[in-house]
file entry.txt (compact mmCIF, C-alpha atoms and all ligand atoms)
# COMPACT_ATOMS: atom_id res chain seq x y z
CA MET B 26 -223.34 119.89 26.70
CA LYS B 27 -224.00 123.12 24.84
CA ALA B 28 -225.97 125.70 26.82
CA ALA B 29 -229.55 126.27 25.70
CA ALA B 30 -230.18 129.49 23.80
CA ALA B 31 -230.85 132.24 26.32
CA VAL B 32 -234.44 133.43 26.47
CA PRO B 33 -234.28 137.21 26.18
CA ASP B 34 -235.96 139.26 28.94
CA LYS B 35 -237.67 141.30 26.31
CA LEU B 36 -238.82 139.67 23.07
CA ARG B 37 -236.78 140.81 20.09
CA VAL B 38 -239.88 140.52 17.91
CA PRO B 39 -242.62 143.08 18.65
CA SER B 40 -245.53 141.25 20.21
CA GLY B 41 -248.32 140.76 17.68
CA LEU B 42 -246.06 142.41 15.06
CA ALA B 43 -247.38 145.74 16.38
CA GLY B 44 -245.96 148.61 14.37
CA VAL B 45 -244.00 146.34 12.03
CA GLU B 46 -244.41 147.32 8.38
CA VAL B 47 -244.61 144.12 6.34
CA ALA B 48 -246.03 145.22 2.98
CA GLU B 49 -246.46 148.21 0.71
CA THR B 50 -250.04 148.90 -0.24
CA ARG B 51 -251.96 151.39 -2.31
CA ILE B 52 -255.38 150.12 -1.21
CA GLY B 53 -256.04 151.79 2.12
CA LYS B 54 -254.43 153.02 5.30
CA SER B 55 -255.56 153.58 8.85
CA ASP B 56 -253.47 155.79 11.10
CA SER B 57 -253.10 156.33 14.82
CA ASP B 58 -254.28 159.95 14.48
CA GLY B 59 -257.76 158.63 13.59
CA SER B 60 -257.48 158.93 9.83
CA LEU B 61 -258.46 156.32 7.26
CA VAL B 62 -258.07 156.55 3.50
CA TYR B 63 -259.30 154.25 0.74
CA ARG B 64 -257.18 154.66 -2.41
CA GLY B 65 -256.35 158.22 -1.35
CA TYR B 66 -259.89 159.27 -0.38
CA PRO B 67 -260.51 160.12 3.29
CA ILE B 68 -263.23 157.86 4.64
CA ARG B 69 -265.49 160.82 5.48
CA GLU B 70 -265.37 161.94 1.85
CA LEU B 71 -266.62 158.54 0.73
CA ALA B 72 -269.13 158.14 3.54
CA ASP B 73 -270.76 161.46 2.64
CA ASN B 74 -270.83 160.90 -1.10
CA ALA B 75 -270.24 157.39 -2.39
CA GLY B 76 -272.35 154.26 -2.68
CA PHE B 77 -271.27 150.71 -1.89
CA GLU B 78 -270.65 149.56 -5.47
CA GLU B 79 -268.74 152.75 -6.27
CA THR B 80 -266.49 152.22 -3.26
CA ALA B 81 -266.01 148.53 -4.03
CA TYR B 82 -264.99 149.47 -7.58
CA LEU B 83 -262.57 152.03 -6.15
CA ILE B 84 -261.03 149.56 -3.73
CA LEU B 85 -260.64 146.91 -6.43
CA ASN B 86 -259.55 149.10 -9.33
CA GLY B 87 -257.81 152.08 -7.75
CA SER B 88 -260.03 154.86 -9.13
CA LEU B 89 -263.67 155.90 -8.96
CA PRO B 90 -265.73 154.45 -11.81
CA ALA B 91 -267.23 156.44 -14.68
CA ARG B 92 -271.00 155.90 -14.99
CA ALA B 93 -270.69 153.14 -17.63
CA GLN B 94 -268.04 151.35 -15.59
CA LEU B 95 -270.21 151.51 -12.49
CA LEU B 96 -273.21 150.11 -14.36
CA GLU B 97 -271.15 147.26 -15.76
CA PHE B 98 -269.60 146.49 -12.36
CA SER B 99 -272.95 146.58 -10.54
CA SER B 100 -274.59 144.38 -13.13
CA ALA B 101 -271.73 141.82 -13.03
CA LEU B 102 -271.95 141.80 -9.23
CA LYS B 103 -275.68 141.15 -9.35
CA SER B 104 -275.24 138.31 -11.84
CA SER B 105 -272.59 136.71 -9.68
CA MET B 106 -275.05 136.34 -6.80
CA ASP B 107 -276.45 133.10 -8.21
CA VAL B 108 -275.45 130.51 -5.65
CA PRO B 109 -275.52 126.93 -7.01
CA PRO B 110 -278.03 124.67 -5.18
CA LYS B 111 -275.18 122.33 -4.28
CA ALA B 112 -273.60 125.08 -2.14
CA PHE B 113 -276.81 125.46 -0.13
CA GLU B 114 -276.91 121.66 0.23
CA VAL B 115 -273.43 121.74 1.78
CA MET B 116 -274.48 124.56 4.11
CA GLY B 117 -277.70 122.79 5.07
CA ALA B 118 -275.90 119.52 5.79
CA LEU B 119 -273.95 121.21 8.60
CA GLY B 120 -277.06 121.36 10.77
CA GLY B 121 -278.40 123.96 13.19
CA GLY B 122 -275.47 123.71 15.58
CA ALA B 123 -273.03 125.15 13.02
CA HIS B 124 -271.51 128.52 13.82
CA PRO B 125 -272.57 130.87 11.00
CA ILE B 126 -268.99 131.82 10.13
CA ASP B 127 -268.02 128.13 10.03
CA ALA B 128 -270.98 127.50 7.72
CA LEU B 129 -269.93 130.43 5.54
CA ARG B 130 -266.30 129.35 5.41
CA THR B 131 -267.17 125.73 4.65
CA THR B 132 -269.50 126.78 1.85
CA VAL B 133 -266.91 129.10 0.31
CA SER B 134 -264.50 126.16 0.34
CA ALA B 135 -267.16 124.02 -1.34
CA LEU B 136 -267.67 126.71 -4.00
CA GLY B 137 -263.94 126.48 -4.70
CA SER B 138 -264.28 122.77 -5.44
CA LEU B 139 -267.21 123.50 -7.77
CA ASP B 140 -265.24 126.14 -9.69
CA ARG B 141 -261.80 124.62 -10.10
CA GLU B 142 -261.29 125.60 -13.73
CA GLY B 143 -262.24 129.28 -13.41
CA VAL B 144 -259.70 132.06 -13.95
CA ALA B 145 -258.82 134.11 -10.86
CA ALA B 146 -260.65 137.30 -11.94
CA ALA B 147 -263.91 135.46 -12.64
CA GLN B 148 -263.53 133.48 -9.42
CA GLN B 149 -263.17 136.73 -7.51
CA ARG B 150 -266.35 138.29 -8.98
CA SER B 151 -268.12 135.06 -8.17
CA ILE B 152 -266.95 135.06 -4.55
CA GLU B 153 -267.85 138.74 -4.05
CA GLY B 154 -271.45 138.30 -5.19
CA LYS B 155 -272.05 134.90 -3.64
CA MET B 156 -270.54 135.91 -0.29
CA ALA B 157 -273.43 138.33 0.29
CA VAL B 158 -276.03 135.63 -0.37
CA LEU B 159 -274.19 133.05 1.72
CA ALA B 160 -273.57 135.53 4.54
CA ALA B 161 -277.27 136.38 4.70
CA ASN B 162 -278.19 132.71 4.82
CA CYS B 163 -275.44 131.09 6.89
CA HIS B 164 -277.62 131.19 10.00
CA ARG B 165 -280.90 130.18 8.31
CA VAL B 166 -279.90 127.36 5.99
CA PRO B 167 -277.99 125.18 8.53
CA ARG B 168 -281.17 125.34 10.68
CA GLY B 169 -283.19 123.90 7.82
CA GLU B 170 -284.85 127.18 6.77
CA ARG B 171 -285.20 128.07 3.11
CA PRO B 172 -282.66 130.63 1.84
CA PHE B 173 -283.58 134.25 1.21
CA LEU B 174 -282.37 134.94 -2.33
CA PRO B 175 -281.64 138.26 -4.05
CA ASP B 176 -284.62 139.54 -6.02
CA GLY B 177 -282.51 141.55 -8.47
CA LYS B 178 -283.99 144.86 -7.28
CA GLY B 179 -281.98 147.77 -5.91
CA GLY B 180 -278.30 147.99 -5.14
CA PHE B 181 -275.98 145.69 -3.21
CA ALA B 182 -276.74 147.15 0.24
CA SER B 183 -280.50 147.04 -0.19
CA SER B 184 -280.37 143.51 -1.59
CA LEU B 185 -278.18 142.28 1.26
CA LEU B 186 -280.38 143.96 3.87
CA ARG B 187 -283.49 142.37 2.37
CA MET B 188 -281.89 138.93 2.50
CA LEU B 189 -280.72 139.52 6.08
CA THR B 190 -284.09 140.64 7.41
CA GLY B 191 -286.64 139.30 4.92
CA LYS B 192 -287.94 142.89 4.71
CA SER B 193 -287.53 145.77 2.32
CA ILE B 194 -285.82 148.61 4.18
CA GLU B 195 -285.34 152.02 2.64
CA GLY B 196 -284.61 155.66 3.48
CA TYR B 197 -282.14 156.70 6.18
CA ASP B 198 -281.98 153.19 7.69
CA LEU B 199 -280.73 151.76 4.39
CA TRP B 200 -278.37 154.69 3.91
CA ALA B 201 -276.84 154.11 7.36
CA PHE B 202 -276.52 150.36 6.71
CA GLU B 203 -274.72 151.09 3.45
CA ARG B 204 -272.27 153.38 5.33
CA VAL B 205 -271.49 150.59 7.80
CA LEU B 206 -270.81 148.23 4.89
CA LEU B 207 -268.55 150.83 3.36
CA PHE B 208 -266.57 151.06 6.61
CA TYR B 209 -266.21 147.29 6.85
CA MET B 210 -264.81 147.00 3.32
CA GLU B 211 -261.14 147.69 3.85
CA HIS B 212 -258.67 148.27 6.66
CA ASP B 213 -255.12 147.70 5.39
CA LEU B 214 -253.30 144.86 7.19
CA ASN B 215 -255.95 143.75 9.65
CA ALA B 216 -255.60 140.09 10.65
CA SER B 217 -257.90 138.67 7.96
CA SER B 218 -256.51 140.74 5.06
CA PHE B 219 -252.98 139.85 6.11
CA THR B 220 -254.04 136.20 6.19
CA VAL B 221 -255.46 136.54 2.67
CA ARG B 222 -252.15 138.01 1.49
CA VAL B 223 -250.16 135.17 3.04
CA VAL B 224 -252.32 132.61 1.25
CA ALA B 225 -252.27 134.62 -2.01
CA SER B 226 -248.47 134.70 -1.83
CA THR B 227 -248.42 130.90 -2.14
CA LEU B 228 -250.42 131.40 -5.39
CA ALA B 229 -253.37 129.44 -3.99
CA ASP B 230 -256.69 130.39 -5.62
CA PRO B 231 -259.03 133.16 -4.37
CA TYR B 232 -261.40 130.62 -2.75
CA ALA B 233 -258.58 129.28 -0.61
CA ALA B 234 -257.51 132.79 0.37
CA THR B 235 -261.09 133.79 1.19
CA SER B 236 -261.68 130.70 3.32
CA ALA B 237 -258.54 131.57 5.28
CA GLY B 238 -259.68 135.19 5.61
CA LEU B 239 -262.99 133.99 7.04
CA ALA B 240 -261.17 131.82 9.56
CA ALA B 241 -259.19 134.83 10.78
CA LEU B 242 -262.29 137.02 10.86
CA LYS B 243 -264.19 134.68 13.18
CA GLY B 244 -262.32 135.49 16.38
CA PRO B 245 -263.64 137.91 19.02
CA LEU B 246 -260.54 140.10 18.70
CA HIS B 247 -261.42 140.71 15.05
CA GLY B 248 -264.77 140.25 13.27
CA GLY B 249 -266.49 138.50 16.16
CA ALA B 250 -266.38 141.71 18.21
CA ASN B 251 -269.57 143.21 16.74
CA GLU B 252 -271.64 140.26 17.99
CA ASP B 253 -270.00 140.36 21.42
CA ALA B 254 -270.58 144.12 21.64
CA MET B 255 -274.31 143.71 21.01
CA LYS B 256 -274.63 140.84 23.49
CA MET B 257 -272.85 142.99 26.06
CA LEU B 258 -275.08 146.01 25.43
CA LEU B 259 -278.17 143.82 25.83
CA GLU B 260 -276.76 142.33 29.01
CA ILE B 261 -276.14 145.79 30.51
CA GLY B 262 -279.55 146.92 29.32
CA ASP B 263 -279.71 150.23 31.14
CA PRO B 264 -277.57 153.36 30.64
CA GLU B 265 -277.46 153.72 34.44
CA LYS B 266 -275.66 150.38 34.67
CA GLY B 267 -272.94 151.19 32.09
CA LYS B 268 -270.41 152.46 34.62
CA GLU B 269 -270.95 149.56 37.00
CA TYR B 270 -270.51 147.04 34.14
CA VAL B 271 -267.27 148.60 32.92
CA ASP B 272 -265.84 148.87 36.43
CA SER B 273 -266.60 145.24 37.13
CA ALA B 274 -265.22 144.05 33.75
CA LEU B 275 -261.98 145.97 34.23
CA GLU B 276 -261.64 144.68 37.77
CA ARG B 277 -262.01 141.12 36.48
CA LYS B 278 -259.60 141.94 33.62
CA VAL B 279 -262.28 141.09 31.09
CA LYS B 280 -261.97 142.90 27.75
CA VAL B 281 -264.92 145.14 26.96
CA ALA B 282 -266.12 144.19 23.46
CA GLY B 283 -265.92 146.91 20.85
CA PHE B 284 -263.19 148.93 22.57
CA GLY B 285 -259.53 149.39 21.76
CA HIS B 286 -257.72 149.08 18.49
CA ARG B 287 -254.25 148.18 17.35
CA VAL B 288 -253.97 151.29 15.17
CA TYR B 289 -256.45 153.90 16.43
CA LYS B 290 -255.42 155.14 19.81
CA LYS B 291 -257.40 158.40 19.99
CA PHE B 292 -260.53 157.55 18.02
CA ASP B 293 -261.78 155.26 15.28
CA PRO B 294 -263.21 157.59 12.61
CA ARG B 295 -265.71 154.95 11.53
CA ALA B 296 -267.07 154.62 15.07
CA VAL B 297 -267.44 158.38 15.36
CA LEU B 298 -269.49 158.48 12.14
CA CYS B 299 -271.58 155.43 13.10
CA LYS B 300 -272.39 156.95 16.47
CA GLY B 301 -273.88 159.93 14.61
CA TYR B 302 -275.85 157.62 12.29
CA LEU B 303 -277.23 155.70 15.27
CA ARG B 304 -278.44 158.88 16.89
CA GLU B 305 -279.98 160.13 13.65
CA MET B 306 -281.71 156.79 13.00
CA LEU B 307 -283.38 156.94 16.40
CA LYS B 308 -284.36 160.57 15.91
CA ARG B 309 -285.89 159.97 12.49
CA ARG B 310 -287.77 156.93 13.77
CA GLY B 311 -289.02 158.94 16.73
CA GLU B 312 -287.83 156.14 19.02
CA ASP B 313 -286.57 156.25 22.58
CA ASP B 314 -282.81 156.84 22.50
CA LYS B 315 -282.05 154.46 25.39
CA ILE B 316 -279.67 152.33 23.33
CA TYR B 317 -277.74 155.44 22.29
CA ARG B 318 -277.50 156.62 25.89
CA LEU B 319 -276.37 153.16 26.95
CA CYS B 320 -273.60 153.11 24.32
CA ASP B 321 -272.58 156.60 25.33
CA ALA B 322 -272.43 155.72 29.04
CA VAL B 323 -270.18 152.70 28.45
CA GLU B 324 -268.02 154.76 26.09
CA ALA B 325 -267.62 157.57 28.64
CA GLU B 326 -266.58 155.13 31.36
CA MET B 327 -264.08 153.33 29.08
CA MET B 328 -262.52 156.65 28.09
CA GLU B 329 -262.39 157.75 31.72
CA ARG B 330 -261.00 154.50 33.10
CA LYS B 331 -258.74 153.26 30.27
CA GLY B 332 -258.57 156.05 27.69
CA LEU B 333 -259.82 153.48 25.16
CA PRO B 334 -262.13 154.68 22.39
CA PRO B 335 -264.86 152.53 20.84
CA ASN B 336 -264.16 150.91 17.49
CA LEU B 337 -266.40 150.39 14.46
CA ASP B 338 -267.82 147.12 15.81
CA TYR B 339 -269.19 148.86 18.89
CA TYR B 340 -271.41 151.27 16.93
CA ALA B 341 -272.13 148.97 13.98
CA ALA B 342 -273.76 146.52 16.40
CA PRO B 343 -276.65 148.73 17.62
CA ILE B 344 -277.26 149.92 14.05
CA PHE B 345 -277.67 146.28 12.94
CA TYR B 346 -279.86 145.67 15.99
CA LEU B 347 -282.19 148.56 15.15
CA LEU B 348 -282.47 147.20 11.62
CA GLY B 349 -283.79 143.93 13.05
CA ILE B 350 -280.81 141.79 12.02
CA GLU B 351 -280.19 138.69 14.15
CA ILE B 352 -276.95 138.92 16.14
CA PRO B 353 -275.29 135.77 14.65
CA LEU B 354 -275.35 137.55 11.27
CA TYR B 355 -273.26 140.53 12.34
CA THR B 356 -269.86 138.97 11.62
CA PRO B 357 -271.10 137.45 8.33
CA ILE B 358 -272.13 140.99 7.26
CA PHE B 359 -268.58 142.11 7.98
CA ALA B 360 -267.39 139.30 5.68
CA ALA B 361 -269.85 140.25 2.91
CA SER B 362 -268.19 143.64 2.73
CA ARG B 363 -264.58 142.87 3.65
CA VAL B 364 -264.37 140.30 0.85
CA PHE B 365 -263.90 143.22 -1.59
CA GLY B 366 -260.90 144.40 0.43
CA TRP B 367 -259.61 140.84 0.59
CA MET B 368 -259.77 140.50 -3.19
CA ALA B 369 -257.97 143.83 -3.64
CA HIS B 370 -255.22 142.57 -1.31
CA TYR B 371 -255.14 139.23 -3.14
CA ASN B 372 -254.53 141.03 -6.43
CA GLU B 373 -252.02 143.49 -5.03
CA GLN B 374 -250.06 140.60 -3.52
CA VAL B 375 -250.11 138.47 -6.66
CA ALA B 376 -249.23 141.39 -8.95
CA GLU B 377 -245.76 141.71 -7.42
CA ASN B 378 -245.59 138.43 -5.65
CA LYS B 379 -242.93 137.22 -3.30
CA LEU B 380 -243.79 134.28 -1.05
CA ILE B 381 -244.53 135.59 2.44
CA ARG B 382 -242.29 133.48 4.60
CA PRO B 383 -240.88 135.48 7.50
CA ASP B 384 -238.25 134.34 9.90
CA ALA B 385 -238.55 133.55 13.60
CA VAL B 386 -236.19 134.26 16.46
CA TYR B 387 -235.67 130.82 17.96
CA VAL B 388 -235.48 131.08 21.73
CA GLY B 389 -235.68 127.39 22.65
CA PRO B 390 -232.92 124.88 23.40
CA THR B 391 -230.90 123.34 20.57
CA ASP B 392 -229.01 120.37 21.96
CA LEU B 393 -231.46 118.03 23.68
CA ARG B 394 -230.76 114.31 23.47
CA TYR B 395 -233.44 111.79 22.61
CA VAL B 396 -234.71 109.89 25.68
CA PRO B 397 -236.36 106.51 24.98
CA ILE B 398 -240.03 106.54 25.92
CA GLU B 399 -239.66 104.06 28.80
CA ARG B 400 -237.17 106.39 30.51
CA ARG B 401 -239.23 109.60 30.29
C1 LIG B 501 -258.55 145.24 19.39
C2 LIG B 501 -257.54 144.72 20.38
C3 LIG B 501 -257.31 143.23 20.11
C4 LIG B 501 -256.23 145.50 20.17
O1 LIG B 501 -255.30 144.85 20.92
P1 LIG B 501 -253.79 145.33 21.13
O2 LIG B 501 -253.38 146.37 20.19
O3 LIG B 501 -253.00 144.09 21.14
O4 LIG B 501 -253.86 145.97 22.55
P2 LIG B 501 -253.83 145.18 23.91
O5 LIG B 501 -254.82 144.07 23.91
O6 LIG B 501 -252.41 144.82 24.21
O7 LIG B 501 -254.32 146.29 24.89
C5 LIG B 501 -253.51 147.34 25.45
C6 LIG B 501 -254.07 147.67 26.81
O8 LIG B 501 -255.44 148.08 26.71
C7 LIG B 501 -256.27 147.14 27.37
N1 LIG B 501 -257.42 146.89 26.51
C8 LIG B 501 -257.43 146.85 25.16
N2 LIG B 501 -258.66 146.61 24.71
C9 LIG B 501 -259.43 146.52 25.81
C10 LIG B 501 -260.80 146.30 25.97
N3 LIG B 501 -261.59 146.14 24.92
N4 LIG B 501 -261.30 146.27 27.22
C11 LIG B 501 -260.48 146.44 28.27
N5 LIG B 501 -259.18 146.67 28.18
C12 LIG B 501 -258.66 146.71 26.96
C13 LIG B 501 -255.46 145.89 27.55
O9 LIG B 501 -255.90 145.12 28.63
C14 LIG B 501 -254.10 146.48 27.75
O10 LIG B 501 -254.06 147.00 29.04
P3 LIG B 501 -252.75 146.90 29.94
O11 LIG B 501 -251.69 147.67 29.17
O12 LIG B 501 -253.14 147.54 31.23
O13 LIG B 501 -252.43 145.46 30.03
C15 LIG B 501 -258.02 144.92 21.81
O14 LIG B 501 -258.23 146.29 22.04
C16 LIG B 501 -259.28 144.13 22.11
O15 LIG B 501 -259.19 142.94 22.45
N6 LIG B 501 -260.49 144.76 21.99
C17 LIG B 501 -261.74 144.07 22.20
C18 LIG B 501 -262.13 143.28 20.98
C19 LIG B 501 -262.53 144.18 19.82
O16 LIG B 501 -263.29 145.11 19.97
N7 LIG B 501 -262.01 143.85 18.65
C20 LIG B 501 -262.32 144.55 17.43
C21 LIG B 501 -261.16 145.32 16.96
S1 LIG B 501 -261.56 146.36 15.59

call {"tool": "encode", "arguments": {"input": "entry.txt", "output": "structure tokens"}}
result
Amino acid sequence: MKAAAAVPDKLRVPSGLAGVEVAETRIGKSDSDGSLVYRGYPIRELADNAGFEETAYLILNGSLPARAQLLEFSSALKSSMDVPPKAFEVMGALGGGAHPIDALRTTVSALGSLDREGVAAAQQRSIEGKMAVLAANCHRVPRGERPFLPDGKGGFASSLLRMLTGKSIEGYDLWAFERVLLFYMEHDLNASSFTVRVVASTLADPYAATSAGLAALKGPLHGGANEDAMKMLLEIGDPEKGKEYVDSALERKVKVAGFGHRVYKKFDPRAVLCKGYLREMLKRRGEDDKIYRLCDAVEAEMMERKGLPPNLDYYAAPIFYLLGIEIPLYTPIFAASRVFGWMAHYNEQVAENKLIRPDAVYVGPTDLRYVPIERR
């Protein structure tokens, strides 16, 4: 009998593909030194100057739009927000127990069946606009509530925020929300964008790739972290209890939501900026800064104990909370923005396509003999 393949002491494949370069991209890049660029622009440069539609255009097309291009893009995006009633029927049929991301993913799949003849570019515009409307309503509609629809006023961020909260929010609060959306838009080969590229490489349509991206986004190690971070902050409740919570979590080997990152080891530049926006929001509102102090206390203890910095999800969560957005909508908001990055990755993959089909190092046995069921 041939000996079974030896199981190596150390895996030959880096766990989680950490550090393995698997694609060339011109869309965006995060780096361990805490830098992030979108199409060559440092994230801070865009955060300080650009709007959501401008950045989405940049991510999708590779350069900042001229005024006429921006107007055309924004207007096409607005028009594509018309969700067919049938899609809301599908979402509503899932019932109140549906997880919002499941409802969103199922409805995006349903949209794909309703739009089978469309060309990929038109399908993509359609998904980008409709995703915002579906994301805002994926918690309401399954519970039997009527959808909040876009009213055609204002830009993408203000429209999305109105659908999420049922209120018109302006000024610094809206500006900060738009920055968070901007940060959620793109992040090179994160799990969901990589998933989208794998599906795109089979030449499946953009709806299929987006549904797969949503599935990857759902997990607590990826998009689900912003909801977990907020639930955790509410559970701790008091800045004085931050240290105690972290110590107990680490002792129990429980991951602290919103901390750590595969790429950023020193700091996540988006979290640093969002922390500043959170503080400024509270200051401008003249509100007690307890939530800021709580975030800061947990952050200080995590840095002290594990050297782990907070990520974007950690500081996006309290910003969403202050805006009055229900927690189950936090990951759907992530999707409403990341879909632009997904579509950019879809196109980049398809433009120079090669089926993504990696190899595996087989470490199991190879010569087992079949044993009839009655003898097992
Ligand atoms: C994001 C994440 C999945 C990155 O994972 P990764 O690159 O595979 O890193 P690992 O999970 O292997 O973590 C490395 C070490 O840091 C620890 N660690 C990482 N994130 C941690 C967290 N949030 N809380 C406590 N410890 C954490 C791990 O336990 C591990 O410690 P060890 O070496 O003593 O075993 C991970 O940091 C995490 O689960 N964070 C919480 C979820 C989250 O915020 N996700 C959103 C990411 S943007």

call {"tool": "residues_around", "arguments": {"input": "entry.txt", "residues": "range 163-180 of chain B", "least_positions_apart": "4", "cutoff": "8 Å", "atoms": "all atoms listed in the file", "output": "list of chain:residue names"}}
result
B:Glu78, B:Ser99, B:Lys103, B:Met106, B:Phe113, B:Met116, B:Gly117, B:Ala118, B:Leu119, B:Gly120, B:Gly121, B:Gly122, B:Ala123, B:His124, B:Pro125, B:Ile126, B:Ala128, B:Leu129, B:Val158, B:Leu159, B:Ser184, B:Leu185, B:Arg187, B:Met188, B:Leu189, B:Gly191, B:Pro353, B:Leu354, B:Pro357

call {"tool": "write_last_selection", "arguments": {"input": "entry.txt", "atoms": "C-alpha atoms", "output": "short mmCIF file (atom, residue, chain, number, x, y, z; two decimals), keeping the file's coordinate frame"}}
result
data_model
loop_
_atom_site.label_atom_id
_atom_site.label_comp_id
_atom_site.auth_asym_id
_atom_site.auth_seq_id
_atom_site.Cartn_x
_atom_site.Cartn_y
_atom_site.Cartn_z
CA GLU B 78 -270.65 149.56 -5.47
CA SER B 99 -272.95 146.58 -10.54
CA LYS B 103 -275.68 141.15 -9.35
CA MET B 106 -275.05 136.34 -6.80
CA PHE B 113 -276.81 125.46 -0.13
CA MET B 116 -274.48 124.56 4.11
CA GLY B 117 -277.70 122.79 5.07
CA ALA B 118 -275.90 119.52 5.79
CA LEU B 119 -273.95 121.21 8.60
CA GLY B 120 -277.06 121.36 10.77
CA GLY B 121 -278.40 123.96 13.19
CA GLY B 122 -275.47 123.71 15.58
CA ALA B 123 -273.03 125.15 13.02
CA HIS B 124 -271.51 128.52 13.82
CA PRO B 125 -272.57 130.87 11.00
CA ILE B 126 -268.99 131.82 10.13
CA ALA B 128 -270.98 127.50 7.72
CA LEU B 129 -269.93 130.43 5.54
CA VAL B 158 -276.03 135.63 -0.37
CA LEU B 159 -274.19 133.05 1.72
CA SER B 184 -280.37 143.51 -1.59
CA LEU B 185 -278.18 142.28 1.26
CA ARG B 187 -283.49 142.37 2.37
CA MET B 188 -281.89 138.93 2.50
CA LEU B 189 -280.72 139.52 6.08
CA GLY B 191 -286.64 139.30 4.92
CA PRO B 353 -275.29 135.77 14.65
CA LEU B 354 -275.35 137.55 11.27
CA PRO B 357 -271.10 137.45 8.33
#

call {"tool": "closest_atom_pairs", "arguments": {"input": "entry.txt", "of": "chain B", "to": "ligand LIG 501 (chain B)", "cutoff": "6 Å", "atoms": "all atoms listed in the file", "output": "JSON lines"}}
result
{"residue": "B:Pro245", "atom": "CA", "partner": "B:LIG501", "partner_atom": "C18", "distance": 5.9}
{"residue": "B:Leu246", "atom": "CA", "partner": "B:LIG501", "partner_atom": "N7", "distance": 4.0}
{"residue": "B:His247", "atom": "CA", "partner": "B:LIG501", "partner_atom": "C20", "distance": 4.6}
{"residue": "B:Ala250", "atom": "CA", "partner": "B:LIG501", "partner_atom": "C19", "distance": 4.8}
{"residue": "B:Lys280", "atom": "CA", "partner": "B:LIG501", "partner_atom": "N4", "distance": 3.5}
{"residue": "B:Val281", "atom": "CA", "partner": "B:LIG501", "partner_atom": "N4", "distance": 3.8}
{"residue": "B:Ala282", "atom": "CA", "partner": "B:LIG501", "partner_atom": "C17", "distance": 4.6}
{"residue": "B:Gly283", "atom": "CA", "partner": "B:LIG501", "partner_atom": "O16", "distance": 3.3}
{"residue": "B:Phe284", "atom": "CA", "partner": "B:LIG501", "partner_atom": "N3", "distance": 4.0}
{"residue": "B:Gly285", "atom": "CA", "partner": "B:LIG501", "partner_atom": "O14", "distance": 3.4}
{"residue": "B:His286", "atom": "CA", "partner": "B:LIG501", "partner_atom": "C1", "distance": 4.0}
{"residue": "B:Arg287", "atom": "CA", "partner": "B:LIG501", "partner_atom": "O2", "distance": 3.5}
{"residue": "B:Asn336", "atom": "CA", "partner": "B:LIG501", "partner_atom": "S1", "distance": 5.6}

call {"tool": "atom_distance", "arguments": {"input": "entry.txt", "atom1": "CA of Tyr63 in chain B", "atom2": "CA of Glu324 in chain B"}}
result
26.8 Å

call {"tool": "closest_residue", "arguments": {"input": "entry.txt", "among": "B:Trp367, B:Tyr346, B:Tyr339, B:Tyr302", "to": "Ala233 in chain B", "atoms": "only C-alpha atoms"}}
result
B:Trp367

call {"tool": "closest_atom_pairs", "arguments": {"input": "entry.txt", "of": "range 319-398 of chain B", "to": "range 226-232 of chain B", "cutoff": "7 Å", "atoms": "all atoms listed in the file", "output": "JSON lines"}}
result
{"residue": "B:Gln374", "atom": "CA", "partner": "B:Ser226", "partner_atom": "CA", "distance": 6.3}
{"residue": "B:Val375", "atom": "CA", "partner": "B:Ser226", "partner_atom": "CA", "distance": 6.3}
{"residue": "B:Asn378", "atom": "CA", "partner": "B:Ser226", "partner_atom": "CA", "distance": 6.1}
{"residue": "B:Lys379", "atom": "CA", "partner": "B:Ser226", "partner_atom": "CA", "distance": 6.3}
{"residue": "B:Leu380", "atom": "CA", "partner": "B:Ser226", "partner_atom": "CA", "distance": 4.8}
{"residue": "B:Ile381", "atom": "CA", "partner": "B:Ser226", "partner_atom": "CA", "distance": 5.9}

call {"tool": "residues_around", "arguments": {"input": "entry.txt", "residues": "Leu207 in chain B", "least_positions_apart": "4", "cutoff": "8 Å", "atoms": "only C-alpha atoms", "output": "ChimeraX atom specification"}}
result
/B:72,76-77,80,203,362

call {"tool": "residues_around", "arguments": {"input": "entry.txt", "residues": "Glu79 in chain B", "least_positions_apart": "5", "cutoff": "12 Å", "atoms": "all atoms listed in the file", "output": "PyMOL selection string"}}
result
chain B and resi 63+71-72+74+84-99+102+180-182+203+207+210+365

call {"tool": "write_last_selection", "arguments": {"input": "entry.txt", "atoms": "C-alpha atoms", "output": "short mmCIF file (atom, residue, chain, number, x, y, z; two decimals), in the coordinates of the input"}}
result
data_model
loop_
_atom_site.label_atom_id
_atom_site.label_comp_id
_atom_site.auth_asym_id
_atom_site.auth_seq_id
_atom_site.Cartn_x
_atom_site.Cartn_y
_atom_site.Cartn_z
CA TYR B 63 -259.30 154.25 0.74
CA LEU B 71 -266.62 158.54 0.73
CA ALA B 72 -269.13 158.14 3.54
CA ASN B 74 -270.83 160.90 -1.10
CA ILE B 84 -261.03 149.56 -3.73
CA LEU B 85 -260.64 146.91 -6.43
CA ASN B 86 -259.55 149.10 -9.33
CA GLY B 87 -257.81 152.08 -7.75
CA SER B 88 -260.03 154.86 -9.13
CA LEU B 89 -263.67 155.90 -8.96
CA PRO B 90 -265.73 154.45 -11.81
CA ALA B 91 -267.23 156.44 -14.68
CA ARG B 92 -271.00 155.90 -14.99
CA ALA B 93 -270.69 153.14 -17.63
CA GLN B 94 -268.04 151.35 -15.59
CA LEU B 95 -270.21 151.51 -12.49
CA LEU B 96 -273.21 150.11 -14.36
CA GLU B 97 -271.15 147.26 -15.76
CA PHE B 98 -269.60 146.49 -12.36
CA SER B 99 -272.95 146.58 -10.54
CA LEU B 102 -271.95 141.80 -9.23
CA GLY B 180 -278.30 147.99 -5.14
CA PHE B 181 -275.98 145.69 -3.21
CA ALA B 182 -276.74 147.15 0.24
CA GLU B 203 -274.72 151.09 3.45
CA LEU B 207 -268.55 150.83 3.36
CA MET B 210 -264.81 147.00 3.32
CA PHE B 365 -263.90 143.22 -1.59
#
